[in-house]
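> Structure file entry02.cif (mmCIF, C-alpha atoms) is given on the next line.
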```cif
data_coords
loop_
_atom_site.label_atom_id
_atom_site.label_comp_id
_atom_site.auth_asym_id
_atom_site.auth_seq_id
_atom_site.Cartn_x
_atom_site.Cartn_y
_atom_site.Cartn_z
CA MET A 1 -24.14 -61.88 -29.88
CA THR A 2 -21.60 -59.20 -29.10
CA ARG A 3 -18.39 -60.01 -27.28
CA GLU A 4 -19.57 -58.08 -24.21
CA VAL A 5 -22.88 -59.95 -24.04
CA ALA A 6 -21.06 -63.27 -24.55
CA ILE A 7 -18.71 -62.46 -21.65
CA LEU A 8 -21.63 -61.45 -19.41
CA VAL A 9 -23.52 -64.66 -20.24
CA GLY A 10 -20.36 -66.70 -19.63
CA VAL A 11 -19.76 -65.07 -16.25
CA VAL A 12 -23.37 -65.64 -15.17
CA LEU A 13 -23.28 -69.28 -16.31
CA ALA A 14 -19.95 -69.93 -14.62
CA ALA A 15 -21.19 -68.34 -11.38
CA ALA A 16 -24.37 -70.44 -11.57
CA ALA A 17 -22.28 -73.58 -12.13
CA VAL A 18 -20.18 -72.81 -9.05
CA ALA A 19 -23.29 -72.13 -6.98
CA VAL A 20 -24.83 -75.45 -8.03
CA VAL A 21 -21.64 -77.43 -7.46
CA LEU A 22 -20.90 -75.86 -4.09
CA GLY A 23 -24.47 -75.63 -2.92
CA THR A 24 -26.02 -78.97 -3.74
CA GLY A 25 -24.03 -81.44 -5.74
CA GLY A 26 -20.58 -81.24 -4.28
CA HIS A 27 -20.78 -82.00 -0.57
CA GLY A 28 -18.70 -85.14 -0.93
CA ALA A 29 -16.14 -83.62 -3.29
CA GLU A 30 -13.26 -81.62 -1.91
CA LEU A 31 -11.30 -81.09 -5.10
CA TYR A 32 -12.38 -79.49 -8.35
CA LEU A 33 -11.00 -79.52 -11.85
CA VAL A 34 -11.11 -76.02 -13.30
CA VAL A 35 -10.45 -75.43 -16.98
CA GLY A 36 -10.17 -72.10 -18.74
CA TYR A 37 -9.89 -71.79 -22.51
CA LEU A 38 -8.11 -68.60 -23.57
CA GLY A 39 -7.32 -69.48 -27.17
CA PRO A 40 -3.84 -69.39 -28.71
CA PHE A 41 -3.65 -65.59 -28.44
CA GLY A 42 -4.75 -65.35 -24.82
CA ASN A 43 -2.31 -64.56 -22.02
CA VAL A 44 -2.04 -68.14 -20.78
CA ASP A 45 1.23 -67.62 -18.91
CA ALA A 46 -0.14 -64.71 -16.90
CA ALA A 47 -3.35 -66.58 -16.03
CA LEU A 48 -1.35 -69.61 -14.96
CA LYS A 49 0.98 -67.55 -12.78
CA GLU A 50 -1.99 -66.09 -10.92
CA LEU A 51 -3.74 -69.45 -10.58
CA GLN A 52 -0.74 -71.28 -9.19
CA LYS A 53 -0.95 -69.31 -5.93
CA TYR A 54 -4.33 -70.88 -5.15
CA ALA A 55 -4.22 -74.28 -6.87
CA VAL A 56 -3.12 -77.67 -5.62
CA TRP A 57 -1.80 -78.17 -9.12
CA ALA A 58 -2.06 -76.09 -12.30
CA SER A 59 -0.72 -76.22 -15.82
CA TRP A 60 -1.14 -74.76 -19.25
CA VAL A 61 -2.96 -77.01 -21.74
CA GLY A 62 -2.93 -77.40 -25.50
CA SER A 63 -5.12 -79.34 -27.88
CA VAL A 64 -3.98 -82.25 -30.07
CA ASN A 65 -5.66 -85.07 -31.99
CA ILE A 66 -5.50 -88.83 -31.45
CA ALA A 67 -6.45 -91.18 -34.28
CA ILE A 68 -9.25 -93.52 -33.18
CA GLU A 69 -10.56 -94.99 -36.43
CA ASP A 70 -9.10 -95.26 -39.93
CA GLY A 71 -10.44 -92.84 -42.51
CA LYS A 72 -12.02 -95.32 -44.91
CA SER A 73 -14.11 -97.12 -42.29
CA ALA A 74 -15.08 -93.82 -40.64
CA ALA A 75 -16.25 -92.44 -44.00
CA LEU A 76 -18.33 -95.55 -44.69
CA ARG A 77 -19.83 -95.45 -41.19
CA MET A 78 -20.73 -91.74 -41.43
CA LEU A 79 -22.45 -92.24 -44.77
CA SER A 80 -24.39 -95.18 -43.34
CA MET A 81 -25.89 -93.16 -40.48
CA SER A 82 -29.62 -92.67 -40.09
CA CYS A 83 -31.25 -89.62 -41.66
CA GLU A 84 -33.65 -89.10 -38.76
CA GLY A 85 -33.67 -85.85 -36.86
CA ARG A 86 -31.20 -83.89 -38.97
CA GLN A 87 -31.48 -80.12 -39.03
CA ILE A 88 -29.68 -77.07 -40.36
CA TRP A 89 -29.27 -74.03 -38.10
CA LEU A 90 -29.19 -70.97 -40.32
CA PRO A 91 -27.29 -67.76 -39.46
CA ASN A 92 -30.59 -65.83 -39.09
CA GLY A 93 -31.62 -68.13 -36.24
CA THR A 94 -34.12 -70.27 -38.12
CA VAL A 95 -33.92 -74.05 -38.22
CA LYS A 96 -34.99 -76.25 -41.09
CA ASN A 97 -34.94 -79.94 -41.84
CA ALA A 98 -31.66 -80.90 -43.44
CA PRO A 99 -31.33 -82.83 -46.66
CA CYS A 100 -29.65 -86.16 -46.10
CA LEU A 101 -27.28 -88.41 -48.01
CA ARG A 102 -27.15 -92.06 -47.03
CA LEU A 103 -25.20 -95.06 -48.26
CA GLU A 104 -27.82 -97.62 -49.18
CA GLN A 105 -25.53 -100.22 -50.73
CA ALA A 106 -21.80 -100.66 -50.13
CA GLY A 107 -20.26 -102.53 -53.03
CA GLY A 108 -21.40 -104.03 -56.30
CA PRO A 109 -22.24 -101.12 -56.96
CA TYR A 110 -22.15 -98.38 -54.30
CA VAL A 111 -25.49 -96.58 -54.05
CA LEU A 112 -25.97 -93.23 -52.31
CA VAL A 113 -29.49 -91.87 -51.78
CA TYR A 114 -30.09 -88.14 -51.37
CA SER A 115 -33.40 -86.78 -50.11
CA ASP A 116 -34.44 -83.25 -49.20
CA GLY A 117 -38.13 -83.73 -48.51
CA SER A 118 -39.25 -82.81 -52.02
CA LYS A 119 -37.11 -85.10 -54.13
CA THR A 120 -35.03 -88.25 -53.89
CA LEU A 121 -31.94 -88.80 -56.01
CA ARG A 122 -29.90 -91.97 -56.36
CA PHE A 123 -26.21 -92.04 -57.21
CA ARG A 124 -24.66 -95.28 -58.36
CA GLY A 125 -20.91 -95.88 -58.81
CA ASP A 126 -18.53 -98.80 -59.16
CA THR A 127 -16.56 -97.37 -56.26
CA LEU A 128 -17.54 -95.16 -53.35
CA GLU A 129 -15.34 -92.44 -54.82
CA ASP A 130 -17.28 -92.56 -58.11
CA ALA A 131 -20.59 -92.24 -56.28
CA LEU A 132 -19.34 -89.33 -54.15
CA TRP A 133 -18.17 -87.43 -57.25
CA LEU A 134 -21.62 -87.83 -58.81
CA VAL A 135 -23.15 -86.19 -55.72
CA ILE A 136 -20.71 -83.26 -55.82
CA GLN A 137 -21.35 -82.74 -59.54
CA ASN A 138 -25.13 -82.73 -59.30
CA ASP A 139 -26.84 -79.31 -59.46
CA GLU A 140 -29.88 -80.49 -57.49
CA VAL A 141 -27.85 -81.36 -54.38
CA ASP A 142 -27.63 -78.52 -51.82
CA GLU A 143 -24.29 -76.86 -51.04
CA THR A 144 -24.20 -77.92 -47.37
CA THR A 145 -24.45 -81.59 -48.31
CA LYS A 146 -21.81 -81.07 -51.01
CA GLY A 147 -19.52 -79.56 -48.37
CA GLU A 148 -19.97 -82.57 -46.09
CA VAL A 149 -19.34 -84.91 -49.03
CA LYS A 150 -16.11 -83.07 -49.89
CA THR A 151 -14.83 -83.65 -46.35
CA ILE A 152 -15.79 -87.33 -46.49
CA LEU A 153 -14.18 -87.66 -49.94
CA LEU A 154 -10.89 -86.23 -48.63
CA GLN A 155 -11.04 -88.48 -45.58
CA TYR A 156 -11.72 -91.52 -47.75
CA LEU A 157 -9.21 -90.79 -50.54
CA PHE A 158 -6.29 -90.02 -48.22
CA ASP A 159 -7.38 -92.34 -45.40
CA ILE A 160 -7.37 -89.49 -42.88
CA PRO A 161 -8.37 -90.96 -39.53
CA LEU A 162 -11.27 -89.97 -37.36
CA THR A 163 -9.75 -88.29 -34.35
CA SER A 164 -10.58 -87.51 -30.80
CA ALA A 165 -9.34 -84.38 -29.09
CA ALA A 166 -6.75 -84.80 -26.37
CA TRP A 167 -5.25 -82.41 -23.89
CA ALA A 168 -1.54 -81.83 -24.25
CA LEU A 169 -0.12 -81.23 -20.78
CA PRO A 170 3.59 -80.68 -20.07
CA PHE A 171 4.17 -83.49 -17.58
CA CYS A 172 7.48 -84.27 -19.30
CA ASN A 173 7.54 -87.81 -17.91
CA GLY A 174 5.73 -89.76 -20.64
CA THR A 175 2.26 -89.46 -19.13
CA TYR A 176 -0.45 -90.64 -21.47
CA TYR A 177 -4.15 -91.53 -21.06
CA GLY A 178 -6.08 -92.90 -24.02
CA PRO A 179 -6.26 -95.80 -26.42
CA PRO A 180 -3.22 -98.06 -26.90
CA ARG A 181 -0.51 -97.17 -29.46
CA PRO A 182 -1.44 -93.50 -29.89
CA LYS A 183 -1.07 -91.84 -33.26
CA VAL A 184 -1.08 -88.13 -32.61
CA ALA A 185 -1.27 -85.01 -34.79
CA VAL A 186 -0.79 -81.51 -33.42
CA ASP A 187 -2.48 -79.93 -36.45
CA ALA A 188 -5.36 -81.87 -38.02
CA VAL A 189 -6.33 -79.38 -40.72
CA ILE A 190 -6.88 -80.61 -44.27
CA ARG A 191 -6.30 -78.15 -47.11
CA ALA A 192 -7.11 -79.11 -50.68
CA PHE A 193 -8.44 -77.91 -53.99
CA ILE A 194 -11.37 -79.91 -55.29
CA TYR A 195 -12.30 -79.75 -58.97
CA PRO A 196 -15.65 -81.51 -59.52
CA GLU A 197 -15.61 -80.89 -63.28
CA ASN A 198 -12.74 -83.30 -63.84
CA LYS A 199 -13.00 -85.29 -60.60
CA THR A 200 -9.61 -84.28 -59.27
CA VAL A 201 -8.32 -83.37 -55.85
CA LYS A 202 -5.11 -81.43 -55.33
CA PRO A 203 -4.10 -81.72 -51.67
CA VAL A 204 -2.23 -78.73 -50.28
CA GLU A 205 -1.73 -79.99 -46.75
CA LEU A 206 -2.73 -83.16 -44.98
CA PRO A 207 -2.39 -83.93 -41.27
CA ARG A 208 0.67 -85.85 -40.17
CA TYR A 209 0.20 -88.45 -37.47
CA VAL A 210 3.12 -89.63 -35.38
CA GLU A 211 2.99 -92.88 -33.46
CA LEU A 212 4.24 -92.18 -29.95
CA PRO A 213 5.98 -94.83 -27.83
CA LEU A 214 3.73 -94.13 -24.86
CA ARG A 215 1.82 -96.64 -22.78
CA PRO A 216 -1.55 -95.56 -21.41
CA LEU A 217 -1.82 -95.11 -17.66
CA GLY A 218 -5.58 -95.44 -18.06
CA PRO A 219 -8.42 -94.85 -20.52
CA SER A 220 -8.84 -91.18 -19.59
CA TRP A 221 -7.84 -88.49 -17.10
CA PHE A 222 -10.95 -86.85 -15.62
CA GLY A 223 -12.80 -87.72 -18.83
CA HIS A 224 -10.12 -86.45 -21.21
CA TYR A 225 -7.43 -88.12 -23.25
CA VAL A 226 -4.06 -86.70 -22.25
CA VAL A 227 -0.76 -86.68 -24.13
CA ASP A 228 2.47 -85.45 -22.62
CA ALA A 229 3.13 -82.17 -24.45
CA CYS A 230 6.87 -82.69 -24.07
CA ALA A 231 6.61 -85.66 -26.47
CA LEU A 232 5.35 -83.36 -29.24
CA ASP A 233 6.58 -80.34 -31.18
CA ASN A 234 4.67 -77.11 -31.77
CA VAL A 235 1.92 -77.57 -29.17
CA ARG A 236 0.17 -74.24 -28.65
CA LYS A 237 -0.76 -73.06 -25.17
CA GLU A 238 -4.51 -72.52 -25.35
CA GLY A 239 -5.73 -72.67 -21.79
CA VAL A 240 -5.14 -73.56 -18.18
CA VAL A 241 -6.13 -76.59 -16.10
CA ALA A 242 -6.08 -76.50 -12.32
CA ILE A 243 -6.97 -78.76 -9.44
CA VAL A 244 -8.24 -76.64 -6.56
CA THR A 245 -9.78 -77.21 -3.16
CA LYS A 246 -13.42 -76.29 -2.60
CA ASP A 247 -12.63 -73.10 -0.69
CA LYS A 248 -10.46 -71.77 -3.53
CA VAL A 249 -12.90 -72.39 -6.40
CA GLU A 250 -14.45 -68.93 -6.28
CA THR A 251 -11.07 -67.19 -6.07
CA VAL A 252 -9.76 -69.15 -9.04
CA LEU A 253 -12.95 -68.47 -10.96
CA LYS A 254 -12.59 -64.73 -10.41
CA ILE A 255 -9.01 -64.86 -11.66
CA LEU A 256 -9.97 -66.78 -14.78
CA GLN A 257 -12.85 -64.42 -15.54
CA LYS A 258 -10.28 -61.69 -16.14
CA TYR A 259 -8.92 -63.74 -19.04
CA THR A 260 -11.83 -65.65 -20.54
CA ASP A 261 -15.54 -66.42 -20.37
CA MET A 262 -15.01 -70.05 -21.40
CA ILE A 263 -14.58 -71.73 -18.01
CA HIS A 264 -15.47 -75.26 -17.04
CA ILE A 265 -15.66 -76.57 -13.46
CA GLN A 266 -16.22 -80.15 -12.35
CA PRO A 267 -15.91 -81.89 -8.98
CA ILE A 268 -13.25 -84.58 -8.71
CA LYS A 269 -14.67 -87.70 -7.16
CA MET B 1 27.37 -50.13 -34.81
CA PRO B 2 28.68 -52.95 -32.55
CA LYS B 3 27.23 -56.40 -33.26
CA PRO B 4 25.61 -56.97 -29.80
CA GLN B 5 23.72 -53.70 -30.18
CA LEU B 6 22.46 -54.73 -33.61
CA ILE B 7 21.26 -58.01 -32.16
CA LYS B 8 19.44 -56.14 -29.39
CA ILE B 9 17.76 -53.82 -31.91
CA ALA B 10 16.75 -56.78 -34.08
CA ALA B 11 15.35 -58.61 -31.04
CA LEU B 12 13.41 -55.50 -30.03
CA ALA B 13 12.02 -55.15 -33.56
CA VAL B 14 10.87 -58.77 -33.52
CA LEU B 15 9.26 -58.23 -30.10
CA VAL B 16 7.46 -55.07 -31.24
CA PHE B 17 6.23 -56.87 -34.36
CA ALA B 18 5.05 -59.87 -32.31
CA VAL B 19 3.22 -57.61 -29.85
CA ALA B 20 1.66 -55.66 -32.71
CA VAL B 21 0.45 -58.86 -34.38
CA THR B 22 -0.86 -60.27 -31.10
CA TYR B 23 -2.85 -57.23 -30.11
CA SER B 24 -4.13 -56.17 -33.52
CA LEU B 25 -6.34 -59.26 -33.80
CA THR B 26 -10.07 -58.72 -33.56
CA ILE B 27 -12.41 -61.55 -32.63
CA SER B 28 -15.89 -62.39 -33.87
CA SER B 29 -17.47 -64.98 -31.61
CA TYR B 30 -20.63 -66.98 -32.20
CA THR B 31 -22.27 -69.06 -29.49
CA LEU B 32 -24.08 -71.86 -31.29
CA GLU B 33 -26.27 -74.46 -29.64
CA GLY B 34 -28.73 -77.23 -30.31
CA CYS B 35 -29.62 -80.85 -29.89
CA VAL B 36 -27.79 -83.52 -31.87
CA THR B 37 -29.29 -86.96 -32.35
CA THR B 38 -27.63 -88.04 -35.58
CA ALA B 39 -26.14 -84.95 -37.26
CA GLU B 40 -26.71 -81.20 -37.37
CA SER B 41 -25.23 -78.35 -39.41
CA TRP B 42 -24.72 -74.71 -38.51
CA GLY B 43 -24.27 -72.18 -41.29
CA PRO B 44 -23.14 -71.36 -43.84
CA LEU B 45 -21.62 -68.22 -42.31
CA SER B 46 -19.92 -65.74 -44.62
CA VAL B 47 -16.61 -65.31 -42.79
CA GLY B 48 -14.27 -63.77 -45.36
CA SER B 49 -10.68 -64.60 -44.57
CA PRO B 50 -10.05 -65.15 -40.85
CA TYR B 51 -6.50 -65.34 -39.52
CA TYR B 52 -7.43 -68.11 -37.10
CA VAL B 53 -10.49 -70.23 -36.35
CA SER B 54 -11.27 -71.98 -33.09
CA LEU B 55 -14.22 -74.01 -31.87
CA TYR B 56 -14.59 -74.63 -28.16
CA VAL B 57 -17.23 -76.93 -26.63
CA ASN B 58 -18.86 -75.11 -23.71
CA SER B 59 -21.23 -77.91 -22.76
CA LEU B 60 -22.30 -81.31 -23.97
CA ILE B 61 -25.16 -82.90 -22.05
CA PRO B 62 -26.73 -86.26 -22.88
CA TYR B 63 -30.50 -86.02 -23.03
CA SER B 64 -30.89 -89.59 -21.88
CA SER B 65 -29.25 -91.18 -18.86
CA MET B 66 -27.02 -93.25 -21.14
CA TYR B 67 -23.56 -91.93 -21.77
CA CYS B 68 -21.62 -92.76 -24.87
CA THR B 69 -20.15 -96.14 -24.07
CA SER B 70 -18.01 -96.77 -27.12
CA PRO B 71 -14.57 -97.68 -25.78
CA ALA B 72 -13.00 -95.58 -28.51
CA PHE B 73 -14.31 -92.37 -27.00
CA ALA B 74 -13.60 -90.46 -23.83
CA ALA B 75 -15.55 -91.41 -20.75
CA SER B 76 -17.83 -88.40 -20.57
CA GLY B 77 -19.15 -88.57 -24.14
CA GLU B 78 -18.13 -86.77 -27.29
CA LEU B 79 -19.49 -85.59 -30.61
CA LEU B 80 -17.65 -85.18 -33.90
CA TYR B 81 -17.27 -81.50 -34.76
CA VAL B 82 -16.24 -80.53 -38.29
CA VAL B 83 -15.30 -76.94 -39.15
CA GLN B 84 -15.11 -76.38 -42.87
CA ILE B 85 -14.34 -73.28 -44.92
CA THR B 86 -15.06 -73.45 -48.62
CA SER B 87 -14.33 -70.83 -51.23
CA ASP B 88 -15.68 -70.41 -54.74
CA SER B 89 -12.36 -71.44 -56.28
CA GLY B 90 -12.79 -75.00 -55.01
CA TYR B 91 -10.43 -74.51 -52.05
CA VAL B 92 -11.55 -76.51 -49.01
CA GLN B 93 -10.13 -76.27 -45.49
CA THR B 94 -11.38 -78.67 -42.87
CA ALA B 95 -10.50 -79.43 -39.26
CA SER B 96 -12.38 -82.08 -37.35
CA GLY B 97 -12.31 -84.16 -34.24
CA CYS B 98 -14.44 -85.74 -31.55
CA LEU B 99 -14.69 -83.28 -28.69
CA GLY B 100 -16.00 -83.40 -25.15
CA GLU B 101 -16.75 -80.56 -22.77
CA GLY B 102 -13.88 -78.13 -22.38
CA GLU B 103 -12.10 -79.30 -25.55
CA SER B 104 -11.34 -77.45 -28.76
CA ILE B 105 -10.17 -77.69 -32.34
CA ASP B 106 -8.56 -74.84 -34.21
CA PHE B 107 -6.54 -73.98 -37.27
CA TYR B 108 -4.93 -71.25 -39.31
CA PRO B 109 -6.85 -70.93 -42.59
CA ASN B 110 -4.99 -69.93 -45.71
CA PRO B 111 -5.28 -66.11 -45.73
CA TYR B 112 -5.41 -65.92 -49.51
CA TYR B 113 -8.82 -67.53 -49.78
CA SER B 114 -12.06 -66.20 -48.34
CA GLY B 115 -15.28 -68.08 -48.12
CA PHE B 116 -18.13 -69.61 -46.19
CA LEU B 117 -17.85 -71.53 -42.97
CA THR B 118 -20.04 -74.43 -41.89
CA VAL B 119 -19.95 -76.34 -38.61
CA TYR B 120 -21.15 -79.90 -38.92
CA VAL B 121 -21.76 -81.89 -35.73
CA GLU B 122 -22.30 -85.61 -35.74
CA ASN B 123 -23.10 -88.15 -33.08
CA SER B 124 -20.79 -90.93 -34.15
CA CYS B 125 -20.92 -92.86 -30.90
CA ILE B 126 -22.14 -96.44 -30.99
CA VAL B 127 -24.79 -95.81 -28.35
CA GLN B 128 -26.66 -92.74 -29.51
CA PRO B 129 -28.50 -90.68 -26.95
CA SER B 130 -29.33 -87.15 -28.07
CA TYR B 131 -26.92 -84.50 -26.88
CA TYR B 132 -27.50 -80.85 -26.19
CA THR B 133 -24.38 -78.97 -27.20
CA SER B 134 -23.32 -75.39 -26.84
CA PHE B 135 -20.10 -74.34 -28.51
CA THR B 136 -18.28 -71.12 -29.27
CA LEU B 137 -16.93 -70.46 -32.72
CA SER B 138 -14.28 -67.74 -32.60
CA LEU B 139 -12.91 -66.11 -35.73
CA TYR B 140 -9.75 -64.04 -35.34
CA TYR B 141 -9.08 -61.33 -37.92
CA ASP B 142 -5.93 -59.27 -38.28
#
```
Once you've parsed the file, please lay out its structure as structure tokens.

Amino acid sequence: MTREVAILVGVVLAAAAVAVVLGTGGHGAELYLVVGYLGPFGNVDAALKELQKYAVWASWVGSVNIAIEDGKSAALRMLSMSCEGRQIWLPNGTVKNAPCLRLEQAGGPYVLVYSDGSKTLRFRGDTLEDALWLVIQNDEVDETTKGEVKTILLQYLFDIPLTSAAWALPFCNGTYYGPPRPKVAVDAVIRAFIYPENKTVKPVELPRYVELPLRPLGPSWFGHYVVDACALDNVRKEGVVAIVTKDKVETVLKILQKYTDMIHIQPIK
Amino acid sequence: MPKPQLIKIAALAVLVFAVAVTYSLTISSYTLEGCVTTAESWGPLSVGSPYYVSLYVNSLIPYSSMYCTSPAFAASGELLYVVQITSDSGYVQTASGCLGEGESIDFYPNPYYSGFLTVYVENSCIVQPSYYTSFTLSLYYD
């Protein structure tokens, strides 16, 4: 899809969403949460300046990561998931059934079972790490599965937590919504060299989580975890969030459409 | 030349460079969608060496009336999105996180390695209705 077509589709969808919300579903709601994602290279400050004239409240927003489960248990849980209903969406638009790797036995030994519809392979190791290396080394395992296994291996070896996205908003007063005792990373990217031939991993960069002394005001803020951006360094401005009255939704939407096609509107109940 | 003038010229040079970098980026965007019950993969896409990668969740709609009720996840339901770039040299770059509607993950890949990108989406909630998801993968090139 070209950029122009994507923008057109986005505008039509956003307009349809507004029509539905205003026309049928939103009679009881007077306020709306409007979110626009511009990306880190979008003109967030300019969009925000325009929005503020029409919003009850508006702010820039960034994206950070909150740890919600330790890496080892998350890796074990992911590998234990059912194989039903898995598919691969190929770049040419076709869809095919995905091969699947599943942990059949956890401990004494660890057994991973790979099946792709035509064959079934079993990998047995004294440790989960051993079994995962056997999968990566095997020529009969497809590359997509190997890619997933590499991510799980990194998560398991370095105990990199499963995270949930959170909005970083500059309240600058310690505002936080989410699970207790938040461990937060601004950048969650993992960079590593993996050498299957000698079963070695050379990490280049691993995410750093900082435990913040913030107490949650609630489990979520309009369905999102929120961390005060002022408690963190290097948060990137990626979008705008605004609370607007019903009569200003269309005006705000038109402003945002000048900057992005990725707009999300929800009534506040 | 007086020192304040030098500082001004240096500041102007930095500004011009920053503007040039900001506006020379080109974007390739892919809107990807599908239904996720357990796990789905999109790709691999041959992406070369992007300057920046972002994945934004446009919509995430439970197929059943049950929302994800795991207390560890946000109220409106989330899926785990993994963006991974692999290159032939064994270099792996991965960013992941559970995302809801209107949320994103992004990262700067190492520009010295080009490769293939795969998006892996998993329903890791305890209660598992199927979700329809539509997300935008944006690749920024300089």
> Tell me which residues the PyMOL selection byres ((chain A) within 6 of (chain B)) grabs here, as a list in words.
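In the shown coordinates, the PyMOL selection byres ((chain A) within 6 of (chain B)) covers Arg86, Gln87, Ile88, Trp89, Leu90, Pro91, Thr163, Ser164, Ala165, Ala188, Val189, Ile190, Arg191, Ala192, Phe193, Ile194, Gly223 and His224 of chain A.
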> Quick one, how far is CA of Lys199 (chain A) from CA of Lys146 (chain A)?
13.7 Å
> Using only C-alpha atoms, which residues sit within 8 Å of Glu211 (chain A) once same-chain residues fewer than 6 positions away are excluded, as a list in words?
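Answer for this query is Arg181, Pro182, Lys183 and Val184 of chain A.
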> Save the residues we just selected, C-alpha atoms, as a PDB file, keeping the file's coordinate frame?

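What follows is the written file out19.pdb:
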```pdb
ATOM      1  CA  ARG A 181      -0.510 -97.170 -29.460  1.00  0.00           C
ATOM      2  CA  PRO A 182      -1.440 -93.500 -29.890  1.00  0.00           C
ATOM      3  CA  LYS A 183      -1.070 -91.840 -33.260  1.00  0.00           C
ATOM      4  CA  VAL A 184      -1.080 -88.130 -32.610  1.00  0.00           C
TER       5      VAL A 184
END
```
> Which residues would end up in the selection if the PyMOL selection byres ((chain A and resi 256) around 12) were applied here, given that I need the answer as a PDB file with C-alpha atoms, keeping the file's coordinate frame?

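expr_18.pdb, written as the output of this step:
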```
ATOM      1  CA  ILE A   7     -18.710 -62.460 -21.650  1.00  0.00           C
ATOM      2  CA  GLY A  10     -20.360 -66.700 -19.630  1.00  0.00           C
ATOM      3  CA  VAL A  11     -19.760 -65.070 -16.250  1.00  0.00           C
ATOM      4  CA  ALA A  14     -19.950 -69.930 -14.620  1.00  0.00           C
ATOM      5  CA  ALA A  15     -21.190 -68.340 -11.380  1.00  0.00           C
ATOM      6  CA  VAL A  34     -11.110 -76.020 -13.300  1.00  0.00           C
ATOM      7  CA  VAL A  35     -10.450 -75.430 -16.980  1.00  0.00           C
ATOM      8  CA  GLY A  36     -10.170 -72.100 -18.740  1.00  0.00           C
ATOM      9  CA  TYR A  37      -9.890 -71.790 -22.510  1.00  0.00           C
ATOM     10  CA  LEU A  38      -8.110 -68.600 -23.570  1.00  0.00           C
ATOM     11  CA  GLY A  42      -4.750 -65.350 -24.820  1.00  0.00           C
ATOM     12  CA  ASN A  43      -2.310 -64.560 -22.020  1.00  0.00           C
ATOM     13  CA  VAL A  44      -2.040 -68.140 -20.780  1.00  0.00           C
ATOM     14  CA  ASP A  45       1.230 -67.620 -18.910  1.00  0.00           C
ATOM     15  CA  ALA A  46      -0.140 -64.710 -16.900  1.00  0.00           C
ATOM     16  CA  ALA A  47      -3.350 -66.580 -16.030  1.00  0.00           C
ATOM     17  CA  LEU A  48      -1.350 -69.610 -14.960  1.00  0.00           C
ATOM     18  CA  LYS A  49       0.980 -67.550 -12.780  1.00  0.00           C
ATOM     19  CA  GLU A  50      -1.990 -66.090 -10.920  1.00  0.00           C
ATOM     20  CA  LEU A  51      -3.740 -69.450 -10.580  1.00  0.00           C
ATOM     21  CA  GLN A  52      -0.740 -71.280  -9.190  1.00  0.00           C
ATOM     22  CA  TYR A  54      -4.330 -70.880  -5.150  1.00  0.00           C
ATOM     23  CA  GLY A 239      -5.730 -72.670 -21.790  1.00  0.00           C
ATOM     24  CA  VAL A 240      -5.140 -73.560 -18.180  1.00  0.00           C
ATOM     25  CA  VAL A 241      -6.130 -76.590 -16.100  1.00  0.00           C
ATOM     26  CA  ALA A 242      -6.080 -76.500 -12.320  1.00  0.00           C
ATOM     27  CA  VAL A 249     -12.900 -72.390  -6.400  1.00  0.00           C
ATOM     28  CA  GLU A 250     -14.450 -68.930  -6.280  1.00  0.00           C
ATOM     29  CA  THR A 251     -11.070 -67.190  -6.070  1.00  0.00           C
ATOM     30  CA  VAL A 252      -9.760 -69.150  -9.040  1.00  0.00           C
ATOM     31  CA  LEU A 253     -12.950 -68.470 -10.960  1.00  0.00           C
ATOM     32  CA  LYS A 254     -12.590 -64.730 -10.410  1.00  0.00           C
ATOM     33  CA  ILE A 255      -9.010 -64.860 -11.660  1.00  0.00           C
ATOM     34  CA  GLN A 257     -12.850 -64.420 -15.540  1.00  0.00           C
ATOM     35  CA  LYS A 258     -10.280 -61.690 -16.140  1.00  0.00           C
ATOM     36  CA  TYR A 259      -8.920 -63.740 -19.040  1.00  0.00           C
ATOM     37  CA  THR A 260     -11.830 -65.650 -20.540  1.00  0.00           C
ATOM     38  CA  ASP A 261     -15.540 -66.420 -20.370  1.00  0.00           C
ATOM     39  CA  MET A 262     -15.010 -70.050 -21.400  1.00  0.00           C
ATOM     40  CA  ILE A 263     -14.580 -71.730 -18.010  1.00  0.00           C
ATOM     41  CA  HIS A 264     -15.470 -75.260 -17.040  1.00  0.00           C
ATOM     42  CA  ILE A 265     -15.660 -76.570 -13.460  1.00  0.00           C
TER      43      ILE A 265
END
```
> Which value, in Å to one decimal, gives the distance between CA of Ala75 (chain A) and CA of Asp159 (chain A)?
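Going from CA of Ala75 (chain A) over to CA of Asp159 (chain A), I get 9.0 Å.
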> With only C-alpha atoms as the counted atoms, please give the residues lying no more than 8 Å from region 232-236 of chain A, apart from itself and same-chain residues fewer than 6 positions off, as a PyMOL selection string.
chain A and resi 40+62-64+168+186
> Between A:Met81, A:Val135, A:Leu214, A:Ala98, which one has atoms that come closest to Gly178 (chain A), using all atoms listed in the file?
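Of the candidates, the smallest distance to Gly178 (chain A) is held by A:Leu214.
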> Could you name the residues that touch Leu162 (chain A) at 7 Å or less, counting all atoms listed in the file, but leaving out those on the same chain fewer than 3 positions away, as a ChimeraX atom specification?
/A:67-71,74 /B:97
> Store the residues picked out above in a file with C-alpha atoms, as a compact mmCIF listing (two decimals), in the frame of the given file.

```txt
# COMPACT_ATOMS: atom_id res chain seq x y z
CA ALA A 67 -6.45 -91.18 -34.28
CA ILE A 68 -9.25 -93.52 -33.18
CA GLU A 69 -10.56 -94.99 -36.43
CA ASP A 70 -9.10 -95.26 -39.93
CA GLY A 71 -10.44 -92.84 -42.51
CA ALA A 74 -15.08 -93.82 -40.64
CA GLY B 97 -12.31 -84.16 -34.24
```
